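Next comes model-v4.pdb, a file with PDB, C-alpha atoms and all ligand atoms.
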ATOM      1  CA  MET A   1      -6.873  10.509  -0.058  1.00  0.00           C
ATOM      2  CA  SER A   2      -5.984  14.184   0.261  1.00  0.00           C
ATOM      3  CA  GLU A   3      -7.068  16.380   3.141  1.00  0.00           C
ATOM      4  CA  ASP A   4      -9.565  18.135   0.849  1.00  0.00           C
ATOM      5  CA  GLN A   5     -11.060  14.826  -0.203  1.00  0.00           C
ATOM      6  CA  LEU A   6     -11.295  13.741   3.409  1.00  0.00           C
ATOM      7  CA  ALA A   7     -13.077  16.969   4.244  1.00  0.00           C
ATOM      8  CA  SER A   8     -15.536  16.269   1.421  1.00  0.00           C
ATOM      9  CA  ALA A   9     -16.168  12.784   2.734  1.00  0.00           C
ATOM     10  CA  LEU A  10     -16.852  14.099   6.189  1.00  0.00           C
ATOM     11  CA  ALA A  11     -19.228  16.667   4.724  1.00  0.00           C
ATOM     12  CA  GLY A  12     -21.189  13.831   3.145  1.00  0.00           C
ATOM     13  CA  ARG A  13     -19.899  14.232  -0.405  1.00  0.00           C
ATOM     14  CA  CYS A  14     -18.175  11.341  -2.198  1.00  0.00           C
ATOM     15  CA  PRO A  15     -14.671  12.153  -3.555  1.00  0.00           C
ATOM     16  CA  VAL A  16     -15.075   9.428  -6.203  1.00  0.00           C
ATOM     17  CA  CYS A  17     -18.423  10.310  -7.805  1.00  0.00           C
ATOM     18  CA  ASN A  18     -19.117  13.654  -6.072  1.00  0.00           C
ATOM     19  CA  HIS A  19     -22.565  12.517  -5.012  1.00  0.00           C
ATOM     20  CA  GLY A  20     -23.818  13.760  -1.671  1.00  0.00           C
ATOM     21  CA  SER A  21     -24.735  10.406  -0.212  1.00  0.00           C
ATOM     22  CA  VAL A  22     -21.784   9.446   1.983  1.00  0.00           C
ATOM     23  CA  ARG A  23     -22.870   7.912   5.246  1.00  0.00           C
ATOM     24  CA  HIS A  24     -20.995   6.477   8.205  1.00  0.00           C
ATOM     25  CA  TRP A  25     -20.535   2.743   7.510  1.00  0.00           C
ATOM     26  CA  GLY A  26     -18.689   1.323  10.498  1.00  0.00           C
ATOM     27  CA  GLU A  27     -15.293   0.861  12.049  1.00  0.00           C
ATOM     28  CA  LYS A  28     -12.453  -1.538  11.367  1.00  0.00           C
ATOM     29  CA  SER A  29      -9.126  -1.713  13.210  1.00  0.00           C
ATOM     30  CA  THR A  30      -9.952   1.557  15.011  1.00  0.00           C
ATOM     31  CA  ARG A  31     -10.518   3.381  11.697  1.00  0.00           C
ATOM     32  CA  GLU A  32     -13.813   5.027  10.885  1.00  0.00           C
ATOM     33  CA  LEU A  33     -15.300   3.935   7.561  1.00  0.00           C
ATOM     34  CA  TRP A  34     -17.748   5.818   5.342  1.00  0.00           C
ATOM     35  CA  ARG A  35     -19.654   4.539   2.319  1.00  0.00           C
ATOM     36  CA  CYS A  36     -21.084   6.247  -0.726  1.00  0.00           C
ATOM     37  CA  HIS A  37     -24.566   4.890  -1.342  1.00  0.00           C
ATOM     38  CA  ARG A  38     -24.380   5.682  -5.046  1.00  0.00           C
ATOM     39  CA  CYS A  39     -21.008   4.306  -6.244  1.00  0.00           C
ATOM     40  CA  LYS A  40     -20.438   2.048  -3.170  1.00  0.00           C
ATOM     41  CA  ALA A  41     -16.932   3.429  -2.552  1.00  0.00           C
ATOM     42  CA  ILE A  42     -15.814   2.899   1.025  1.00  0.00           C
ATOM     43  CA  LEU A  43     -13.806   5.754   2.488  1.00  0.00           C
ATOM     44  CA  CYS A  44     -11.481   5.842   5.467  1.00  0.00           C
ATOM     45  CA  THR A  45     -11.134   9.076   7.342  1.00  0.00           C
ATOM     46  CA  THR A  46      -7.616   8.425   8.502  1.00  0.00           C
ATOM     47  CA  SER A  47      -5.420   8.055   5.462  1.00  0.00           C
ATOM     48  CA  PRO A  48      -1.614   7.764   5.507  1.00  0.00           C
ATOM     49  CA  ASP A  49       0.403  10.358   3.636  1.00  0.00           C
ATOM     50  CA  ARG A  50       3.117   9.351   1.216  1.00  0.00           C
ATOM     51  CA  THR A  51       5.811   9.162   3.903  1.00  0.00           C
ATOM     52  CA  ASP A  52       3.626   6.986   6.100  1.00  0.00           C
ATOM     53  CA  SER A  53       2.834   4.730   3.136  1.00  0.00           C
ATOM     54  CA  ASP A  54       6.489   4.296   2.279  1.00  0.00           C
ATOM     55  CA  ARG A  55       7.286   3.341   5.862  1.00  0.00           C
ATOM     56  CA  LEU A  56       4.272   1.059   6.086  1.00  0.00           C
ATOM     57  CA  TYR A  57       4.959  -0.903   2.899  1.00  0.00           C
ATOM     58  CA  GLU A  58       8.748  -0.848   2.746  1.00  0.00           C
ATOM     59  CA  HIS A  59       8.953  -4.226   4.455  1.00  0.00           C
ATOM     60  CA  TYR A  60       5.425  -5.370   3.646  1.00  0.00           C
ATOM     61  CA  HIS A  61       6.573  -8.370   1.612  1.00  0.00           C
ATOM     62  CA  ASP A  62       9.678  -9.370   3.552  1.00  0.00           C
ATOM     63  CA  GLU A  63       8.007 -12.657   4.459  1.00  0.00           C
ATOM     64  CA  ALA A  64       6.836 -13.328   0.893  1.00  0.00           C
ATOM     65  CA  ARG A  65       6.055 -16.964   0.142  1.00  0.00           C
ATOM     66  CA  PHE A  66       5.321 -16.644  -3.589  1.00  0.00           C
ATOM     67  CA  THR A  67       2.567 -19.208  -3.412  1.00  0.00           C
ATOM     68  CA  LEU A  68      -0.908 -18.436  -4.682  1.00  0.00           C
ATOM     69  CA  ALA A  69      -4.181 -20.185  -4.035  1.00  0.00           C
ATOM     70  CA  PRO A  70      -5.447 -21.877  -7.224  1.00  0.00           C
ATOM     71  CA  ILE A  71      -8.402 -19.494  -7.418  1.00  0.00           C
ATOM     72  CA  VAL A  72      -6.070 -16.468  -7.225  1.00  0.00           C
ATOM     73  CA  GLN A  73      -3.752 -17.941  -9.857  1.00  0.00           C
ATOM     74  CA  ALA A  74      -6.733 -18.560 -12.138  1.00  0.00           C
ATOM     75  CA  SER A  75      -7.887 -14.979 -11.611  1.00  0.00           C
ATOM     76  CA  LEU A  76      -4.480 -13.595 -12.611  1.00  0.00           C
ATOM     77  CA  GLU A  77      -4.387 -15.823 -15.685  1.00  0.00           C
ATOM     78  CA  ARG A  78      -7.768 -14.414 -16.652  1.00  0.00           C
ATOM     79  CA  VAL A  79      -6.590 -10.803 -16.238  1.00  0.00           C
ATOM     80  CA  VAL A  80      -3.737 -11.495 -18.655  1.00  0.00           C
ATOM     81  CA  SER A  81      -5.971 -13.362 -21.113  1.00  0.00           C
ATOM     82  CA  LEU A  82      -8.479 -10.510 -21.194  1.00  0.00           C
ATOM     83  CA  ALA A  83      -5.713  -7.991 -21.918  1.00  0.00           C
ATOM     84  CA  GLU A  84      -4.519  -9.874 -24.996  1.00  0.00           C
ATOM     85  CA  HIS A  85      -6.639  -7.758 -27.335  1.00  0.00           C
ATOM     86  CA  SER A  86      -4.691  -4.668 -26.181  1.00  0.00           C
ATOM     87  CA  ARG A  87      -1.279  -6.044 -27.130  1.00  0.00           C
ATOM     88  CA  SER A  88       0.637  -3.757 -29.472  1.00  0.00           C
ATOM     89  CA  SER A  89       4.027  -2.730 -28.052  1.00  0.00           C
ATOM     90  CA  GLY A  90       3.818  -5.612 -25.586  1.00  0.00           C
ATOM     91  CA  ARG A  91       4.579  -3.398 -22.560  1.00  0.00           C
ATOM     92  CA  TRP A  92       2.737  -4.220 -19.344  1.00  0.00           C
ATOM     93  CA  LEU A  93       2.904  -2.060 -16.202  1.00  0.00           C
ATOM     94  CA  ASP A  94       1.709  -3.475 -12.882  1.00  0.00           C
ATOM     95  CA  PHE A  95       1.511  -0.740 -10.259  1.00  0.00           C
ATOM     96  CA  GLY A  96       2.002  -2.191  -6.772  1.00  0.00           C
ATOM     97  CA  TYR A  97       3.025  -5.610  -8.094  1.00  0.00           C
ATOM     98  CA  GLY A  98       3.568  -7.043  -4.605  1.00  0.00           C
ATOM     99  CA  GLU A  99       4.935 -10.569  -4.838  1.00  0.00           C
ATOM    100  CA  GLY A 100       4.793 -10.408  -8.620  1.00  0.00           C
ATOM    101  CA  GLY A 101       2.150 -13.046  -9.313  1.00  0.00           C
ATOM    102  CA  LEU A 102       0.535 -11.108 -12.144  1.00  0.00           C
ATOM    103  CA  LEU A 103       3.803 -10.105 -13.806  1.00  0.00           C
ATOM    104  CA  GLU A 104       4.929 -13.744 -13.653  1.00  0.00           C
ATOM    105  CA  VAL A 105       1.918 -14.696 -15.762  1.00  0.00           C
ATOM    106  CA  ALA A 106       2.375 -11.748 -18.128  1.00  0.00           C
ATOM    107  CA  GLN A 107       6.067 -12.566 -18.574  1.00  0.00           C
ATOM    108  CA  ARG A 108       5.295 -16.198 -19.311  1.00  0.00           C
ATOM    109  CA  ARG A 109       2.936 -15.015 -22.048  1.00  0.00           C
ATOM    110  CA  GLY A 110       5.562 -12.834 -23.664  1.00  0.00           C
ATOM    111  CA  TRP A 111       4.865  -9.406 -22.224  1.00  0.00           C
ATOM    112  CA  ALA A 112       7.696  -6.989 -21.384  1.00  0.00           C
ATOM    113  CA  CYS A 113       7.103  -6.458 -17.670  1.00  0.00           C
ATOM    114  CA  TYR A 114       7.352  -3.177 -15.802  1.00  0.00           C
ATOM    115  CA  GLY A 115       6.480  -2.733 -12.160  1.00  0.00           C
ATOM    116  CA  VAL A 116       6.145  -0.155  -9.422  1.00  0.00           C
ATOM    117  CA  GLU A 117       6.554  -1.293  -5.835  1.00  0.00           C
ATOM    118  CA  ILE A 118       7.656   0.228  -2.530  1.00  0.00           C
ATOM    119  CA  SER A 119       8.877  -2.949  -0.860  1.00  0.00           C
ATOM    120  CA  ARG A 120      12.662  -3.170  -1.149  1.00  0.00           C
ATOM    121  CA  SER A 121      12.710  -6.951  -1.162  1.00  0.00           C
ATOM    122  CA  MET A 122      10.182  -7.066  -3.998  1.00  0.00           C
ATOM    123  CA  LEU A 123      12.132  -4.473  -5.990  1.00  0.00           C
ATOM    124  CA  ASP A 124      15.170  -6.761  -5.731  1.00  0.00           C
ATOM    125  CA  TYR A 125      13.019  -9.736  -6.672  1.00  0.00           C
ATOM    126  CA  GLY A 126      11.583  -7.941  -9.721  1.00  0.00           C
ATOM    127  CA  SER A 127      15.050  -6.979 -10.918  1.00  0.00           C
ATOM    128  CA  ARG A 128      16.209 -10.588 -10.631  1.00  0.00           C
ATOM    129  CA  LYS A 129      13.214 -11.653 -12.716  1.00  0.00           C
ATOM    130  CA  GLY A 130      14.323  -9.289 -15.470  1.00  0.00           C
ATOM    131  CA  TRP A 131      11.484  -6.844 -14.992  1.00  0.00           C
ATOM    132  CA  THR A 132      11.974  -3.079 -15.191  1.00  0.00           C
ATOM    133  CA  VAL A 133      11.057  -1.897 -11.700  1.00  0.00           C
ATOM    134  CA  THR A 134      11.107   1.229  -9.590  1.00  0.00           C
ATOM    135  CA  SER A 135       9.611   2.678  -6.439  1.00  0.00           C
ATOM    136  CA  ASP A 136       8.999   6.031  -8.124  1.00  0.00           C
ATOM    137  CA  PRO A 137       8.218   6.171 -11.855  1.00  0.00           C
ATOM    138  CA  ARG A 138       7.772   9.951 -11.925  1.00  0.00           C
ATOM    139  CA  GLY A 139      10.123  11.446 -14.494  1.00  0.00           C
ATOM    140  CA  ASP A 140      11.677   8.042 -15.239  1.00  0.00           C
ATOM    141  CA  PRO A 141      12.056   7.748 -19.030  1.00  0.00           C
ATOM    142  CA  ARG A 142      11.597   3.967 -18.822  1.00  0.00           C
ATOM    143  CA  PHE A 143       8.028   4.704 -17.673  1.00  0.00           C
ATOM    144  CA  ALA A 144       7.222   7.313 -20.303  1.00  0.00           C
ATOM    145  CA  ASP A 145       3.650   8.449 -20.822  1.00  0.00           C
ATOM    146  CA  GLY A 146       1.628   6.831 -23.591  1.00  0.00           C
ATOM    147  CA  THR A 147       3.868   3.781 -23.928  1.00  0.00           C
ATOM    148  CA  PHE A 148       2.038   0.936 -22.169  1.00  0.00           C
ATOM    149  CA  ASP A 149      -0.550  -1.384 -23.661  1.00  0.00           C
ATOM    150  CA  VAL A 150      -1.754  -2.396 -20.218  1.00  0.00           C
ATOM    151  CA  VAL A 151      -1.694  -0.864 -16.738  1.00  0.00           C
ATOM    152  CA  THR A 152      -2.912  -2.986 -13.834  1.00  0.00           C
ATOM    153  CA  MET A 153      -3.539  -2.148 -10.188  1.00  0.00           C
ATOM    154  CA  ILE A 154      -4.598  -5.218  -8.246  1.00  0.00           C
ATOM    155  CA  GLU A 155      -5.777  -4.370  -4.740  1.00  0.00           C
ATOM    156  CA  VAL A 156      -3.771  -1.156  -4.802  1.00  0.00           C
ATOM    157  CA  LEU A 157      -6.127   1.825  -5.012  1.00  0.00           C
ATOM    158  CA  GLU A 158      -7.359   1.300  -1.475  1.00  0.00           C
ATOM    159  CA  HIS A 159      -3.775   1.566  -0.175  1.00  0.00           C
ATOM    160  CA  VAL A 160      -2.651   4.826  -1.760  1.00  0.00           C
ATOM    161  CA  ALA A 161      -3.062   8.310  -0.328  1.00  0.00           C
ATOM    162  CA  ASP A 162      -4.562   9.739  -3.534  1.00  0.00           C
ATOM    163  CA  PRO A 163      -6.330   7.096  -5.677  1.00  0.00           C
ATOM    164  CA  VAL A 164      -7.730   9.661  -8.125  1.00  0.00           C
ATOM    165  CA  CYS A 165      -4.201  10.918  -8.832  1.00  0.00           C
ATOM    166  CA  LEU A 166      -3.046   7.328  -9.429  1.00  0.00           C
ATOM    167  CA  LEU A 167      -5.888   6.712 -11.905  1.00  0.00           C
ATOM    168  CA  CYS A 168      -4.917   9.889 -13.768  1.00  0.00           C
ATOM    169  CA  SER A 169      -1.310   8.642 -13.903  1.00  0.00           C
ATOM    170  CA  ALA A 170      -2.497   5.292 -15.257  1.00  0.00           C
ATOM    171  CA  ALA A 171      -4.391   7.089 -18.011  1.00  0.00           C
ATOM    172  CA  ARG A 172      -1.215   8.960 -18.958  1.00  0.00           C
ATOM    173  CA  TRP A 173       0.955   5.824 -18.980  1.00  0.00           C
ATOM    174  CA  LEU A 174      -1.395   4.042 -21.360  1.00  0.00           C
ATOM    175  CA  ARG A 175      -1.083   4.388 -25.108  1.00  0.00           C
ATOM    176  CA  PRO A 176      -4.307   5.433 -26.868  1.00  0.00           C
ATOM    177  CA  GLY A 177      -6.527   2.359 -26.866  1.00  0.00           C
ATOM    178  CA  GLY A 178      -4.623   0.622 -24.086  1.00  0.00           C
ATOM    179  CA  SER A 179      -6.424  -1.039 -21.210  1.00  0.00           C
ATOM    180  CA  CYS A 180      -6.424  -0.482 -17.467  1.00  0.00           C
ATOM    181  CA  THR A 181      -7.566  -3.042 -14.917  1.00  0.00           C
ATOM    182  CA  SER A 182      -8.056  -2.294 -11.249  1.00  0.00           C
ATOM    183  CA  ARG A 183      -9.327  -4.742  -8.686  1.00  0.00           C
ATOM    184  CA  ARG A 184     -10.134  -4.267  -5.043  1.00  0.00           C
ATOM    185  CA  PRO A 185     -10.959  -6.629  -2.196  1.00  0.00           C
ATOM    186  CA  MET A 186     -14.493  -7.405  -1.164  1.00  0.00           C
ATOM    187  CA  PRO A 187     -15.293  -5.039   1.728  1.00  0.00           C
ATOM    188  CA  ALA A 188     -16.998  -7.727   3.768  1.00  0.00           C
ATOM    189  CA  ALA A 189     -14.005 -10.080   3.550  1.00  0.00           C
TER     190      ALA A 189
HETATM  191 ZN    ZN B 201     -19.599   7.830  -4.793  1.00  0.00          ZN
END

Would it be possible to restate this file's structure as structure tokens?
Ligand SMILES: [Zn+2]
Amino acid sequence: MSEDQLASALAGRCPVCNHGSVRHWGEKSTRELWRCHRCKAILCTTSPDRTDSDRLYEHYHDEARFTLAPIVQASLERVVSLAEHSRSSGRWLDFGYGEGGLLEVAQRRGWACYGVEISRSMLDYGSRKGWTVTSDPRGDPRFADGTFDVVTMIEVLEHVADPVCLLCSAARWLRPGGSCTSRRPMPAA
């Protein structure tokens, strides 16, 4: 979230839907949380900038175990099944692919897999899997605008400094008629 968006949140205006119904919601891990009563977005008033994010997530998956609970595996299978109607070029981009569970499923079902990730160990892992991966897709011709059937962001938006900017990027990466899926954790979890 940018400084301007934070200022809006503190002034009671939601940076997601622009409605003036943001109220203090609580505190978690010393961070103040705010919630929009209209769109239910939960906002944090201390947001890392890009440099902080890079440092925070660079080693985030160093202890990766690559095992998924059956319910999570089933959920990822469903995401890929639901995207089948969008298949044209067969290019799938998972932004913030983490330990690669979703791209594993997509690859098994014949998609050409592309991924963006900060974690160095996961970038190495993705390369070994044969995926096209990078930590920064900006200006990278392999991640050209309008070329992806599917863009996914699973539990990612809440981690980035500017989620609106990321959604705009996702819209650019998609071909006309492509599909975008974003999922976030349950706030009470
Ligand atoms: Zn809102």

Exercise. May I ask you to write as a list of chain:residue names all residues lying at most 10 Å from ligand ZN 201 (chain B), with only C-alpha atoms and all ligand atoms counted?
Key: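 Those within range of ligand ZN 201 (chain B) are A:Ala9, A:Arg13, A:Cys14, A:Pro15, A:Val16, A:Cys17, A:Asn18, A:His19, A:Gly20, A:Ser21, A:Val22, A:Arg35, A:Cys36, A:His37, A:Arg38, A:Cys39, A:Lys40, A:Ala41, A:Ile42, A:Leu43.
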
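Counting all atoms listed in the file and comparing A:Ala74, A:Leu103, A:Leu82, A:Cys44, the residue that lies closest to Lys129 of chain A is A:Leu103.
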
Quiz item: Could you work out how far atom CA of Glu155 of chain A lies from atom CA of Glu77 of chain A, giving the answer in Å with one decimal?
Solution: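 Rounded to one decimal, the two atoms are 15.9 Å apart.
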
Practice problem: For the file shown, report as a list in words the outcome of the PyMOL selection byres (((chain A and resi 145) around 8) and not hetatm) at residue level. | Solution: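 Listing what the PyMOL selection byres (((chain A and resi 145) around 8) and not hetatm) selects in the shown file: Phe143, Ala144, Gly146, Thr147, Phe148, Arg172, Trp173, Leu174 and Arg175 of chain A.
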
Quiz item: Which distance in Å separates atom CA of Glu99 of chain A and atom CA of Arg31 of chain A, to one decimal?
Solution: 26.6 Å

Practice problem: Using atom CA of Arg138 of chain A and atom CA of Val156 of chain A as the two end points, give the distance in Å to one decimal. | Solution: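 Separation of atom CA of Arg138 of chain A and atom CA of Val156 of chain A: 17.5 Å.
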
Six-sided padding of 4 Å per side, axis-aligned box over segment 25-36 of chain A, centre and edges in Å, one decimal, as AutoDock Vina command-line options:
--center_x -15.1 --center_y 2.3 --center_z 7.1 --size_x 20.0 --size_y 16.0 --size_z 23.7

Quiz item: With distances taken over all atoms listed in the file, which of A:Trp92, A:Trp34, A:Trp25, A:Tyr125 is nearest to Val105 of chain A?
Solution: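 The shortest atom-to-atom distance to Val105 of chain A comes from A:Trp92.
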
Quiz item: Where does the PyMOL selection byres (((chain A and resi 122) around 8) and not hetatm) land in this file, that is, which residues does it pick, as a VMD selection string?
Solution: chain A and resid 61 to 62 98 to 100 117 to 121 123 to 126

Write the residues of the preceding selection, restricted to C-alpha atoms, as a PDB file, in the coordinates of the input.
ATOM      1  CA  HIS A  61       6.573  -8.370   1.612  1.00  0.00           C
ATOM      2  CA  ASP A  62       9.678  -9.370   3.552  1.00  0.00           C
ATOM      3  CA  GLY A  98       3.568  -7.043  -4.605  1.00  0.00           C
ATOM      4  CA  GLU A  99       4.935 -10.569  -4.838  1.00  0.00           C
ATOM      5  CA  GLY A 100       4.793 -10.408  -8.620  1.00  0.00           C
ATOM      6  CA  GLU A 117       6.554  -1.293  -5.835  1.00  0.00           C
ATOM      7  CA  ILE A 118       7.656   0.228  -2.530  1.00  0.00           C
ATOM      8  CA  SER A 119       8.877  -2.949  -0.860  1.00  0.00           C
ATOM      9  CA  ARG A 120      12.662  -3.170  -1.149  1.00  0.00           C
ATOM     10  CA  SER A 121      12.710  -6.951  -1.162  1.00  0.00           C
ATOM     11  CA  LEU A 123      12.132  -4.473  -5.990  1.00  0.00           C
ATOM     12  CA  ASP A 124      15.170  -6.761  -5.731  1.00  0.00           C
ATOM     13  CA  TYR A 125      13.019  -9.736  -6.672  1.00  0.00           C
ATOM     14  CA  GLY A 126      11.583  -7.941  -9.721  1.00  0.00           C
TER      15      GLY A 126
END

Practice problem: Excluding Arg184 of chain A and any residue of its chain fewer than 6 positions from it, enumerate the residues within 10 Å of it, using all atoms listed in the file, and give them as a PyMOL selection string. | Solution: chain A and resi 153-159

Self-check item: Nearby residues (only C-alpha atoms) at most 10 Å from Leu167 of chain A, same-chain spacing under 2 positions excluded, as an MDAnalysis selection string
Solution: chainID A and resid 151 153 157 162:165 169:173 180 182

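Minimum distance to Thr181 of chain A across A:Cys113, A:Val79, A:Ala106, A:Leu166 (counting all atoms listed in the file) occurs at A:Val79.
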